[in-house]
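Undergrad: Sharing my_file06.pdb here; it has PDB, C-alpha atoms and all ligand atoms.
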```pdb
ATOM      1  CA  MET A   1      -8.843 -23.537 -35.656
ATOM      2  CA  ASN A   2      -6.633 -20.462 -35.923
ATOM      3  CA  PHE A   3      -4.166 -20.429 -32.998
ATOM      4  CA  TYR A   4      -5.389 -17.000 -31.865
ATOM      5  CA  ASP A   5      -9.032 -18.189 -31.794
ATOM      6  CA  ILE A   6      -8.240 -20.819 -29.140
ATOM      7  CA  GLU A   7      -9.980 -19.863 -25.887
ATOM      8  CA  PHE A   8      -6.993 -20.101 -23.510
ATOM      9  CA  VAL A   9      -4.787 -18.142 -25.917
ATOM     10  CA  LYS A  10      -7.379 -15.340 -26.107
ATOM     11  CA  GLY A  11      -7.769 -15.368 -22.317
ATOM     12  CA  PHE A  12      -4.004 -15.227 -21.736
ATOM     13  CA  ILE A  13      -3.495 -12.298 -24.122
ATOM     14  CA  ARG A  14      -6.475 -10.414 -22.688
ATOM     15  CA  MET A  15      -5.202 -10.810 -19.127
ATOM     16  CA  CYS A  16      -1.757  -9.458 -20.081
ATOM     17  CA  ASP A  17      -3.430  -6.444 -21.632
ATOM     18  CA  ASP A  18      -5.767  -5.974 -18.643
ATOM     19  CA  GLY A  19      -2.743  -5.908 -16.309
ATOM     20  CA  TRP A  20      -0.925  -3.444 -18.568
ATOM     21  CA  GLN A  21      -4.014  -1.172 -18.664
ATOM     22  CA  GLN A  22      -4.097  -1.187 -14.848
ATOM     23  CA  GLY A  23      -0.511   0.121 -14.714
ATOM     24  CA  TRP A  24       0.895  -2.953 -13.007
ATOM     25  CA  HIS A  25       3.440  -3.838 -15.718
ATOM     26  CA  GLU A  26       5.887  -1.009 -16.297
ATOM     27  CA  ARG A  27       8.600  -1.977 -18.794
ATOM     28  CA  ASN A  28       9.184  -5.737 -18.386
ATOM     29  CA  GLY A  29       7.549  -5.947 -14.946
ATOM     30  CA  GLY A  30       5.411  -8.920 -14.003
ATOM     31  CA  ASN A  31       4.769 -12.358 -15.461
ATOM     32  CA  LEU A  32       1.884 -14.730 -16.149
ATOM     33  CA  SER A  33       1.626 -18.480 -16.602
ATOM     34  CA  TYR A  34      -1.250 -20.830 -17.427
ATOM     35  CA  ARG A  35      -1.288 -24.651 -17.166
ATOM     36  CA  LEU A  36      -2.964 -26.067 -20.277
ATOM     37  CA  SER A  37      -5.800 -28.593 -19.976
ATOM     38  CA  GLU A  38      -5.879 -31.695 -22.178
ATOM     39  CA  LYS A  39      -8.456 -29.959 -24.365
ATOM     40  CA  ASP A  40      -6.194 -26.902 -24.697
ATOM     41  CA  VAL A  41      -3.289 -29.117 -25.783
ATOM     42  CA  GLU A  42      -5.539 -30.909 -28.313
ATOM     43  CA  GLU A  43      -6.577 -27.569 -29.808
ATOM     44  CA  ALA A  44      -3.103 -26.025 -29.902
ATOM     45  CA  LYS A  45      -0.791 -28.937 -30.658
ATOM     46  CA  GLU A  46      -0.861 -28.610 -34.447
ATOM     47  CA  TYR A  47       1.087 -25.366 -33.896
ATOM     48  CA  PHE A  48       3.720 -26.967 -31.633
ATOM     49  CA  LYS A  49       7.302 -27.644 -32.694
ATOM     50  CA  GLU A  50       9.258 -30.485 -31.136
ATOM     51  CA  ASP A  51      12.827 -29.599 -32.077
ATOM     52  CA  ASP A  52      13.768 -27.097 -29.345
ATOM     53  CA  LYS A  53      16.378 -28.121 -26.797
ATOM     54  CA  TRP A  54      15.573 -29.117 -23.205
ATOM     55  CA  GLN A  55      16.748 -26.605 -20.617
ATOM     56  CA  SER A  56      16.956 -26.635 -16.839
ATOM     57  CA  ILE A  57      13.948 -25.172 -14.969
ATOM     58  CA  GLY A  58      15.995 -24.279 -11.880
ATOM     59  CA  ALA A  59      13.485 -26.114  -9.697
ATOM     60  CA  SER A  60      12.228 -29.665  -9.439
ATOM     61  CA  VAL A  61       8.513 -30.071 -10.258
ATOM     62  CA  PRO A  62       7.878 -33.806 -10.735
ATOM     63  CA  ASP A  63       4.101 -33.363 -10.277
ATOM     64  CA  LEU A  64       4.084 -31.226 -13.417
ATOM     65  CA  ALA A  65       5.815 -33.840 -15.597
ATOM     66  CA  ASN A  66       4.689 -33.659 -19.257
ATOM     67  CA  GLU A  67       2.444 -30.628 -18.631
ATOM     68  CA  TYR A  68       2.292 -27.610 -20.949
ATOM     69  CA  PHE A  69       2.278 -23.952 -19.838
ATOM     70  CA  MET A  70       1.728 -20.698 -21.652
ATOM     71  CA  VAL A  71       4.074 -18.116 -20.093
ATOM     72  CA  THR A  72       5.263 -14.570 -20.696
ATOM     73  CA  GLY A  73       8.857 -14.140 -21.864
ATOM     74  CA  SER A  74      11.762 -12.917 -19.761
ATOM     75  CA  GLY A  75      12.483  -9.247 -20.482
ATOM     76  CA  LYS A  76       9.350  -8.952 -22.627
ATOM     77  CA  PHE A  77       6.838  -6.152 -22.057
ATOM     78  CA  PHE A  78       3.183  -6.878 -21.140
ATOM     79  CA  ARG A  79       2.372  -3.791 -23.209
ATOM     80  CA  ASN A  80       3.425  -5.647 -26.374
ATOM     81  CA  VAL A  81       1.655  -8.962 -25.769
ATOM     82  CA  ILE A  82      -1.569  -7.920 -27.521
ATOM     83  CA  LEU A  83       0.383  -6.763 -30.599
ATOM     84  CA  LYS A  84       2.962  -9.549 -30.857
ATOM     85  CA  PRO A  85       2.026 -12.520 -28.674
ATOM     86  CA  GLU A  86       4.359 -14.814 -30.646
ATOM     87  CA  ASP A  87       7.311 -12.532 -29.777
ATOM     88  CA  SER A  88       6.392 -11.846 -26.131
ATOM     89  CA  THR A  89       5.038 -15.168 -24.883
ATOM     90  CA  CYS A  90       5.622 -18.878 -25.343
ATOM     91  CA  ILE A  91       4.242 -22.315 -24.597
ATOM     92  CA  ILE A  92       6.623 -24.692 -22.850
ATOM     93  CA  LYS A  93       6.505 -28.394 -22.121
ATOM     94  CA  VAL A  94       7.929 -29.856 -18.895
ATOM     95  CA  ASP A  95       9.864 -33.115 -19.382
ATOM     96  CA  GLU A  96       8.975 -36.432 -17.734
ATOM     97  CA  THR A  97      11.296 -35.806 -14.758
ATOM     98  CA  GLY A  98      10.021 -32.301 -13.927
ATOM     99  CA  GLU A  99      13.563 -30.873 -14.108
ATOM    100  CA  LYS A 100      13.615 -29.482 -17.652
ATOM    101  CA  TYR A 101      11.449 -27.607 -20.119
ATOM    102  CA  LYS A 102      11.453 -26.873 -23.831
ATOM    103  CA  ILE A 103       9.712 -24.195 -25.863
ATOM    104  CA  VAL A 104       7.088 -25.637 -28.219
ATOM    105  CA  TRP A 105       5.562 -22.368 -29.453
ATOM    106  CA  GLY A 106       6.368 -18.629 -29.442
ATOM    107  CA  LEU A 107       9.341 -16.414 -28.568
ATOM    108  CA  VAL A 108       9.922 -16.386 -32.334
ATOM    109  CA  ASN A 109      12.660 -13.781 -32.030
ATOM    110  CA  GLY A 110      14.487 -15.670 -29.309
ATOM    111  CA  GLY A 111      14.437 -15.386 -25.553
ATOM    112  CA  ARG A 112      13.498 -17.425 -22.538
ATOM    113  CA  PRO A 113      10.356 -17.911 -20.450
ATOM    114  CA  THR A 114       9.871 -15.510 -17.524
ATOM    115  CA  SER A 115      12.763 -14.966 -15.104
ATOM    116  CA  GLU A 116      10.327 -16.103 -12.400
ATOM    117  CA  LEU A 117       9.848 -19.544 -14.010
ATOM    118  CA  PRO A 118      11.053 -21.431 -10.881
ATOM    119  CA  SER A 119       8.499 -19.546  -8.729
ATOM    120  CA  HIS A 120       5.722 -20.052 -11.255
ATOM    121  CA  LEU A 121       6.271 -23.778 -11.679
ATOM    122  CA  MET A 122       6.860 -24.518  -7.986
ATOM    123  CA  ASN A 123       3.633 -22.685  -7.206
ATOM    124  CA  HIS A 124       1.748 -24.465  -9.986
ATOM    125  CA  GLN A 125       2.888 -27.708  -8.390
ATOM    126  CA  VAL A 126       1.665 -26.614  -4.944
ATOM    127  CA  LYS A 127      -1.673 -25.306  -6.234
ATOM    128  CA  LYS A 128      -2.343 -28.265  -8.541
ATOM    129  CA  LYS A 129      -1.990 -30.573  -5.559
ATOM    130  CA  ALA A 130      -3.887 -28.374  -3.089
ATOM    131  CA  THR A 131      -6.869 -27.885  -5.441
ATOM    132  CA  ASN A 132      -6.994 -31.308  -7.093
ATOM    133  CA  GLY A 133      -5.923 -29.821 -10.396
ATOM    134  CA  GLU A 134      -8.458 -26.975 -10.378
ATOM    135  CA  TYR A 135      -5.994 -24.049 -10.294
ATOM    136  CA  ARG A 136      -4.279 -23.262 -13.605
ATOM    137  CA  VAL A 137      -3.122 -19.639 -13.398
ATOM    138  CA  ILE A 138      -0.175 -17.998 -11.612
ATOM    139  CA  TYR A 139       0.167 -14.219 -11.924
ATOM    140  CA  HIS A 140       2.802 -11.792 -10.679
ATOM    141  CA  CYS A 141       2.250  -8.034 -10.994
ATOM    142  CA  HIS A 142       3.663  -4.787  -9.640
ATOM    143  CA  THR A 143       0.561  -3.402  -7.924
ATOM    144  CA  THR A 144       1.389   0.153  -6.861
ATOM    145  CA  ASN A 145      -0.657   0.465  -3.675
ATOM    146  CA  VAL A 146       0.192  -2.964  -2.293
ATOM    147  CA  ILE A 147       3.876  -2.131  -2.813
ATOM    148  CA  ALA A 148       3.407   1.219  -1.022
ATOM    149  CA  LEU A 149       1.849  -0.551   1.973
ATOM    150  CA  THR A 150       4.902  -2.805   2.353
ATOM    151  CA  PHE A 151       6.812   0.284   3.525
ATOM    152  CA  VAL A 152       4.385   1.198   6.301
ATOM    153  CA  LEU A 153       2.622  -1.960   7.525
ATOM    154  CA  PRO A 154       4.442  -4.705   9.454
ATOM    155  CA  LEU A 155       5.352  -7.511   7.013
ATOM    156  CA  ASP A 156       2.961  -9.879   8.697
ATOM    157  CA  ASP A 157       0.219 -12.073   7.183
ATOM    158  CA  LYS A 158      -2.216 -11.241   9.970
ATOM    159  CA  VAL A 159      -1.810  -7.484   9.633
ATOM    160  CA  PHE A 160      -2.024  -7.408   5.821
ATOM    161  CA  THR A 161      -5.031  -9.706   5.743
ATOM    162  CA  ARG A 162      -6.973  -7.857   8.396
ATOM    163  CA  GLU A 163      -6.179  -4.361   7.129
ATOM    164  CA  LEU A 164      -7.131  -5.251   3.544
ATOM    165  CA  TRP A 165     -10.283  -7.109   4.628
ATOM    166  CA  GLU A 166     -11.387  -3.969   6.479
ATOM    167  CA  MET A 167     -11.073  -1.796   3.371
ATOM    168  CA  ALA A 168     -13.948  -3.311   1.392
ATOM    169  CA  THR A 169     -16.786  -5.562   2.502
ATOM    170  CA  GLU A 170     -16.293  -7.963  -0.419
ATOM    171  CA  CYS A 171     -12.617  -8.609   0.422
ATOM    172  CA  PRO A 172     -13.088 -11.417   2.964
ATOM    173  CA  VAL A 173     -15.448 -13.104   0.499
ATOM    174  CA  VAL A 174     -12.945 -12.800  -2.381
ATOM    175  CA  PHE A 175      -9.899 -13.919  -0.346
ATOM    176  CA  PRO A 176     -11.287 -15.685   2.746
ATOM    177  CA  ASP A 177      -8.030 -17.579   3.354
ATOM    178  CA  GLY A 178      -6.137 -14.302   3.730
ATOM    179  CA  ILE A 179      -2.863 -13.023   2.324
ATOM    180  CA  GLY A 180       0.699 -14.160   2.963
ATOM    181  CA  VAL A 181       3.682 -11.822   3.074
ATOM    182  CA  VAL A 182       7.205 -12.603   1.875
ATOM    183  CA  ASP A 183       9.936 -10.370   3.289
ATOM    184  CA  TRP A 184      12.172  -8.669   0.709
ATOM    185  CA  MET A 185      14.040 -11.283  -1.339
ATOM    186  CA  VAL A 186      16.069 -11.377  -4.541
ATOM    187  CA  PRO A 187      13.581 -11.969  -7.387
ATOM    188  CA  GLY A 188      13.832 -14.785  -9.891
ATOM    189  CA  GLY A 189      15.645 -17.312  -7.754
ATOM    190  CA  HIS A 190      15.069 -20.567  -5.982
ATOM    191  CA  ASP A 191      14.752 -19.024  -2.482
ATOM    192  CA  ILE A 192      11.847 -16.708  -3.313
ATOM    193  CA  ALA A 193      10.187 -19.615  -5.139
ATOM    194  CA  VAL A 194      10.415 -21.805  -2.022
ATOM    195  CA  ALA A 195       9.267 -19.045   0.374
ATOM    196  CA  THR A 196       6.296 -18.202  -1.865
ATOM    197  CA  SER A 197       5.242 -21.789  -2.423
ATOM    198  CA  GLU A 198       5.222 -22.378   1.346
ATOM    199  CA  LEU A 199       2.695 -19.535   1.677
ATOM    200  CA  MET A 200       0.668 -20.653  -1.342
ATOM    201  CA  LYS A 201      -0.135 -23.921   0.439
ATOM    202  CA  LYS A 202      -2.332 -21.749   2.656
ATOM    203  CA  TYR A 203      -3.179 -18.632   0.637
ATOM    204  CA  ASP A 204      -4.087 -17.665  -2.945
ATOM    205  CA  VAL A 205      -2.147 -14.399  -2.690
ATOM    206  CA  ALA A 206       1.334 -13.580  -1.458
ATOM    207  CA  VAL A 207       2.701 -10.064  -1.169
ATOM    208  CA  TRP A 208       6.367  -9.661  -2.101
ATOM    209  CA  ALA A 209       7.665  -6.787   0.030
ATOM    210  CA  HIS A 210       8.703  -3.720  -1.996
ATOM    211  CA  HIS A 211       8.000  -5.642  -5.197
ATOM    212  CA  GLY A 212       4.391  -6.695  -5.888
ATOM    213  CA  ILE A 213       1.993  -9.584  -5.543
ATOM    214  CA  PHE A 214       1.942 -13.194  -6.597
ATOM    215  CA  CYS A 215      -1.431 -14.904  -6.899
ATOM    216  CA  SER A 216      -3.195 -17.974  -8.215
ATOM    217  CA  GLY A 217      -6.619 -19.137  -9.310
ATOM    218  CA  PRO A 218      -8.562 -21.603 -11.464
ATOM    219  CA  ASP A 219      -8.915 -19.296 -14.489
ATOM    220  CA  PHE A 220      -7.980 -15.879 -15.865
ATOM    221  CA  ASP A 221     -11.119 -14.090 -14.602
ATOM    222  CA  ILE A 222     -10.814 -15.268 -11.014
ATOM    223  CA  THR A 223      -7.054 -14.709 -10.828
ATOM    224  CA  PHE A 224      -7.157 -11.245 -12.376
ATOM    225  CA  GLY A 225     -10.178 -10.384 -10.209
ATOM    226  CA  LEU A 226      -8.251 -11.458  -7.124
ATOM    227  CA  ALA A 227      -5.269  -9.225  -7.932
ATOM    228  CA  HIS A 228      -7.661  -6.386  -8.796
ATOM    229  CA  THR A 229      -9.594  -6.735  -5.516
ATOM    230  CA  VAL A 230      -6.439  -6.876  -3.382
ATOM    231  CA  GLU A 231      -4.927  -3.854  -5.135
ATOM    232  CA  LYS A 232      -8.170  -1.878  -4.902
ATOM    233  CA  SER A 233      -8.428  -2.441  -1.157
ATOM    234  CA  ALA A 234      -4.750  -1.457  -0.850
ATOM    235  CA  GLU A 235      -5.575   1.750  -2.722
ATOM    236  CA  ILE A 236      -8.365   2.529  -0.256
ATOM    237  CA  LEU A 237      -6.012   1.871   2.670
ATOM    238  CA  VAL A 238      -3.370   4.158   1.172
ATOM    239  CA  LYS A 239      -6.021   6.880   0.868
ATOM    240  CA  VAL A 240      -7.241   6.335   4.433
ATOM    241  CA  LEU A 241      -3.706   6.403   5.855
ATOM    242  CA  SER A 242      -2.987   9.525   3.801
ATOM    243  CA  ILE A 243      -5.941  11.279   5.435
ATOM    244  CA  THR A 244      -5.406  10.085   8.995
ATOM    245  CA  PRO A 245      -3.455   7.505  10.979
ATOM    246  CA  ASN A 246      -6.633   6.714  12.960
ATOM    247  CA  LYS A 247      -9.799   5.271  11.466
ATOM    248  CA  LEU A 248     -12.913   6.667  13.106
ATOM    249  CA  GLN A 249     -14.855   3.478  12.340
ATOM    250  CA  THR A 250     -14.256   0.211  10.515
ATOM    251  CA  ILE A 251     -15.625  -3.328  10.066
ATOM    252  CA  LYS A 252     -15.374  -5.122  13.431
ATOM    253  CA  PRO A 253     -14.516  -8.804  14.125
ATOM    254  CA  ASP A 254     -18.152  -9.680  14.944
ATOM    255  CA  GLN A 255     -19.300  -8.048  11.731
ATOM    256  CA  PHE A 256     -16.826 -10.205   9.795
ATOM    257  CA  ARG A 257     -18.248 -13.255  11.596
ATOM    258  CA  SER A 258     -21.787 -12.295  10.464
ATOM    259  CA  LEU A 259     -20.559 -11.760   6.924
ATOM    260  CA  ALA A 260     -18.869 -15.159   6.927
ATOM    261  CA  LYS A 261     -22.109 -16.819   8.044
ATOM    262  CA  ASP A 262     -24.310 -15.192   5.394
ATOM    263  CA  PHE A 263     -21.784 -15.569   2.580
ATOM    264  CA  LYS A 264     -20.872 -19.127   3.634
ATOM    265  CA  VAL A 265     -17.125 -18.576   3.850
ATOM    266  CA  THR A 266     -14.776 -19.617   6.623
ATOM    267  CA  LEU A 267     -12.753 -16.752   8.073
ATOM    268  CA  HIS A 268      -9.937 -17.915  10.318
ATOM    269  CA  GLU A 269     -10.107 -16.520  13.847
ATOM    270  CA  GLU A 270      -6.356 -15.737  13.706
ATOM    271  CA  PHE A 271      -7.288 -12.731  11.526
ATOM    272  CA  LEU A 272     -10.161 -11.572  13.749
ATOM    273  CA  TYR A 273      -8.021 -10.479  16.694
ATOM    274  CA  GLU A 274      -9.000  -7.568  18.956
ATOM    275  CA  LYS A 275      -6.953  -4.420  18.287
TER
HETATM  276  O1  LIG B   1      10.634  -8.313 -14.567
HETATM  277  O2  LIG B   1       8.608  -8.737 -12.421
HETATM  278  O3  LIG B   1       9.922 -10.208 -10.682
HETATM  279  C1  LIG B   1       9.873  -9.385 -14.240
HETATM  280  C2  LIG B   1       9.573  -9.347 -12.816
HETATM  281  C3  LIG B   1      10.472 -10.047 -11.912
HETATM  282 ZN    ZN B   2       8.360  -8.511 -10.384
END
```
Would it be possible to restate this file's structure as structure tokens?
TA:
Amino acid sequence: MNFYDIEFVKGFIRMCDDGWQQGWHERNGGNLSYRLSEKDVEEAKEYFKEDDKWQSIGASVPDLANEYFMVTGSGKFFRNVILKPEDSTCIIKVDETGEKYKIVWGLVNGGRPTSELPSHLMNHQVKKKATNGEYRVIYHCHTTNVIALTFVLPLDDKVFTRELWEMATECPVVFPDGIGVVDWMVPGGHDIAVATSELMKKYDVAVWAHHGIFCSGPDFDITFGLAHTVEKSAEILVKVLSITPNKLQTIKPDQFRSLAKDFKVTLHEEFLYEK
């Protein structure tokens, strides 16, 4: 099979382009990673090289030992992924200790995996464990309206979750566990990776204040759809707040409880506080 006909490769490239088309990836903004299944590795391995050198991940991820990930490249532009995936993305292998990685495909003109590699891999480790291996995608994007809200809403999980749930009826069904918020932190490092992975034990989405969102899901469709839903509800909230500081009506806690019952989701009472 041609490398670019492999399903996960097509899905990865399409998601990069979808994010670019949404305007969430100015310049080199954002990053994407996907944990390959055994079938994916079988299909792609004839294209892998073994001779690259092992490099430090900058985080310890023993539960990801010997796993392969397709990831965007550091400093590469999402805009270019569809044209030159072999220049803009790569596949890496994690070593048997979970401390090092090597590039087995891509980045043909040099470069490194995403600057957020520690965050991506620590969160893959958390999500793999929490979902019994179901979750494979970690996505970071610079969603305009979510970023705008981090200047005007308290940086609090309960406030972000509730306000975004109220903006569209489908929201609590799409992210019933809610949204976590990370205060402003230096990107790319170990500290933001640890803070985010603490939140990802509980949530599928974390907001990075004044920066963007970080989210996870089982596949490209669900993960992209999650980011899209969160950003769309943020856009509605920005519009509402631009019209008036006071909503005349909204979805009430008891209405959320009815929704949860009919749609068979659990909505935590901590988000259904009286205002
Ligand atoms: O430039 O978005 O967070 C990549 C990033 C870093
Ligand atoms: Zn970023």
Undergrad: Kindly work out which residues sit at most 8 Å from ligand ZN 2 (chain B), using all atoms listed in the file, and give the list as a list in words.
TA: Gly29, Gly30, Asn31, His140, Cys141, His142, Pro187, His211 and Gly212 of chain A
Undergrad: What's around range 46-52 of chain A at 7 Å? Count all atoms listed in the file, leave out sequence neighbours fewer than 4 positions away in its own chain, and write the answer as a tab-separated table (two decimals) with C-alpha atoms, in the frame of the given file.
TA:
```tsv
chain	number	residue	atom	x	y	z
A	102	LYS	CA	11.45	-26.87	-23.83
A	103	ILE	CA	9.71	-24.20	-25.86
A	104	VAL	CA	7.09	-25.64	-28.22
A	105	TRP	CA	5.56	-22.37	-29.45
```
Undergrad: Name all residues at most 12 Å from range 158-160 of chain A (count only C-alpha atoms; drop same-chain ones fewer than 2 positions away) and give them as an NGL selection string.
TA: :A and (146-147 or 149-156 or 162-167 or 171 or 175 or 177-182 or 203 or 205-209 or 230-231 or 233-234 or 237 or 268-275)
Undergrad: At what distance in Å, to one decimal, does CA of Asn28 in chain A lie from atom C1 of ligand LIG 1 (chain B)?
TA: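 Separation between atom C1 of ligand LIG 1 (chain B) and CA of Asn28 in chain A: 5.6 Å.
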Undergrad: Measuring atom to atom with all atoms listed in the file, identify which of A:Pro176, A:Ile82, A:Lys45, A:Val9 is nearest to Phe263 in chain A.
TA: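 Counting all atoms listed in the file, the residue closest to Phe263 in chain A is A:Pro176.
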Undergrad: Contacts of Ser88 in chain A at 12 Å or less, counting all atoms listed in the file, minus same-chain residues fewer than 2 places along, as a PyMOL selection string?
TA: chain A and resi 12-13+16+28+31-32+70-86+90-91+105-114
Undergrad: In Å, how far is it from CA of Lys128 in chain A to CA of Pro218 in chain A?
TA: 9.6 Å
Undergrad: Just to confirm, what's the straight-line distance from CA of Asp40 in chain A to CA of Tyr68 in chain A in Å (one decimal)?
TA: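 Separation between CA of Asp40 in chain A and CA of Tyr68 in chain A: 9.3 Å.
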Undergrad: Do you know which residues the PyMOL selection byres (((chain A and resi 101) around 8) and not hetatm) returns on this file, as a list of chain:residue names?
TA: A:Trp54, A:Gln55, A:Ser56, A:Ile57, A:Ile92, A:Lys93, A:Val94, A:Asp95, A:Gly98, A:Glu99, A:Lys100, A:Lys102, A:Ile103
Undergrad: Dump C-alpha atoms for the selected residues as a PDB file, in the frame of the given file?
TA:
```pdb
ATOM      1  CA  TRP A  54      15.573 -29.117 -23.205  1.00  0.00           C
ATOM      2  CA  GLN A  55      16.748 -26.605 -20.617  1.00  0.00           C
ATOM      3  CA  SER A  56      16.956 -26.635 -16.839  1.00  0.00           C
ATOM      4  CA  ILE A  57      13.948 -25.172 -14.969  1.00  0.00           C
ATOM      5  CA  ILE A  92       6.623 -24.692 -22.850  1.00  0.00           C
ATOM      6  CA  LYS A  93       6.505 -28.394 -22.121  1.00  0.00           C
ATOM      7  CA  VAL A  94       7.929 -29.856 -18.895  1.00  0.00           C
ATOM      8  CA  ASP A  95       9.864 -33.115 -19.382  1.00  0.00           C
ATOM      9  CA  GLY A  98      10.021 -32.301 -13.927  1.00  0.00           C
ATOM     10  CA  GLU A  99      13.563 -30.873 -14.108  1.00  0.00           C
ATOM     11  CA  LYS A 100      13.615 -29.482 -17.652  1.00  0.00           C
ATOM     12  CA  LYS A 102      11.453 -26.873 -23.831  1.00  0.00           C
ATOM     13  CA  ILE A 103       9.712 -24.195 -25.863  1.00  0.00           C
TER      14      ILE A 103
END
```
Undergrad: Using all atoms of ligand LIG 1 (chain B) that appear in the file, construct an axis-aligned enclosing box with 5 Å of padding on every side and provide its centre coordinates and edge lengths in Å, rounded to one decimal, as JSON.
TA:
```
{"center_x": 9.6, "center_y": -9.3, "center_z": -12.6, "size_x": 12.0, "size_y": 11.9, "size_z": 13.9}
```
Undergrad: Evaluate the PyMOL selection byres (((chain A and resi 224) around 10) and not hetatm) here and jot the selected residues down as a list in words.
TA: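 Output of the PyMOL selection byres (((chain A and resi 224) around 10) and not hetatm): Met15, Cys16, Asp18, Gly19, Val137, Ile138, Tyr139, Cys215, Ser216, Gly217, Asp219, Phe220, Asp221, Ile222, Thr223, Gly225, Leu226, Ala227, His228 and Thr229 of chain A.
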Undergrad: Can I get the selection written as a PDB file, in the coordinates of the input, with C-alpha atoms?
TA:
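To be explicit, this is the file written out as out11.pdb:
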```pdb
ATOM      1  CA  MET A  15      -5.202 -10.810 -19.127  1.00  0.00           C
ATOM      2  CA  CYS A  16      -1.757  -9.458 -20.081  1.00  0.00           C
ATOM      3  CA  ASP A  18      -5.767  -5.974 -18.643  1.00  0.00           C
ATOM      4  CA  GLY A  19      -2.743  -5.908 -16.309  1.00  0.00           C
ATOM      5  CA  VAL A 137      -3.122 -19.639 -13.398  1.00  0.00           C
ATOM      6  CA  ILE A 138      -0.175 -17.998 -11.612  1.00  0.00           C
ATOM      7  CA  TYR A 139       0.167 -14.219 -11.924  1.00  0.00           C
ATOM      8  CA  CYS A 215      -1.431 -14.904  -6.899  1.00  0.00           C
ATOM      9  CA  SER A 216      -3.195 -17.974  -8.215  1.00  0.00           C
ATOM     10  CA  GLY A 217      -6.619 -19.137  -9.310  1.00  0.00           C
ATOM     11  CA  ASP A 219      -8.915 -19.296 -14.489  1.00  0.00           C
ATOM     12  CA  PHE A 220      -7.980 -15.879 -15.865  1.00  0.00           C
ATOM     13  CA  ASP A 221     -11.119 -14.090 -14.602  1.00  0.00           C
ATOM     14  CA  ILE A 222     -10.814 -15.268 -11.014  1.00  0.00           C
ATOM     15  CA  THR A 223      -7.054 -14.709 -10.828  1.00  0.00           C
ATOM     16  CA  GLY A 225     -10.178 -10.384 -10.209  1.00  0.00           C
ATOM     17  CA  LEU A 226      -8.251 -11.458  -7.124  1.00  0.00           C
ATOM     18  CA  ALA A 227      -5.269  -9.225  -7.932  1.00  0.00           C
ATOM     19  CA  HIS A 228      -7.661  -6.386  -8.796  1.00  0.00           C
ATOM     20  CA  THR A 229      -9.594  -6.735  -5.516  1.00  0.00           C
TER      21      THR A 229
END
```
Undergrad: Evaluate the PyMOL selection byres (((chain A and resi 257-262) around 10) and not hetatm) here and jot the selected residues down as a ChimeraX atom specification.
TA: /A:169-170,172-173,176,252-256,263-269,272
Undergrad: Would you list the contacts of Leu36 in chain A as a list in words, taking every protein, DNA or RNA residue within 9 Å and counting only C-alpha atoms, but skipping same-chain residues closer than 5 positions in sequence?
TA: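 That gives Phe8, Val41, Glu67, Tyr68, Phe69, Met70 and Arg136 of chain A.
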Undergrad: Select, from A:Asp5, A:Glu38, A:Asp183, A:Glu26, the residue with the minimum atom-to-atom distance to ligand LIG 1 (chain B), counting all atoms listed in the file.
TA: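 When distances to ligand LIG 1 (chain B) are compared using all atoms listed in the file, the smallest one comes from A:Glu26.
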Undergrad: Of the candidates A:Ser60, A:Thr244, A:Gln21, A:Gln249, which one gets nearest to Asn123 in chain A if we count all atoms listed in the file?
TA: A:Ser60
Undergrad: Which residues, written as a VMD selection string, have at least one atom at most 12 Å from Val194 in chain A, with all atoms listed in the file counted and residues fewer than 3 positions away on the same chain left out?
TA: chain A and resid 58 to 61 116 118 to 123 125 to 126 182 185 187 to 191 197 to 201
Undergrad: Would you please work out which residue, of A:Lys202, A:Lys247, A:Lys239, A:His25, is nearest to ligand LIG 1 (chain B) when using all atoms listed in the file?
TA: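 Closest residue, counting all atoms listed in the file: A:His25.
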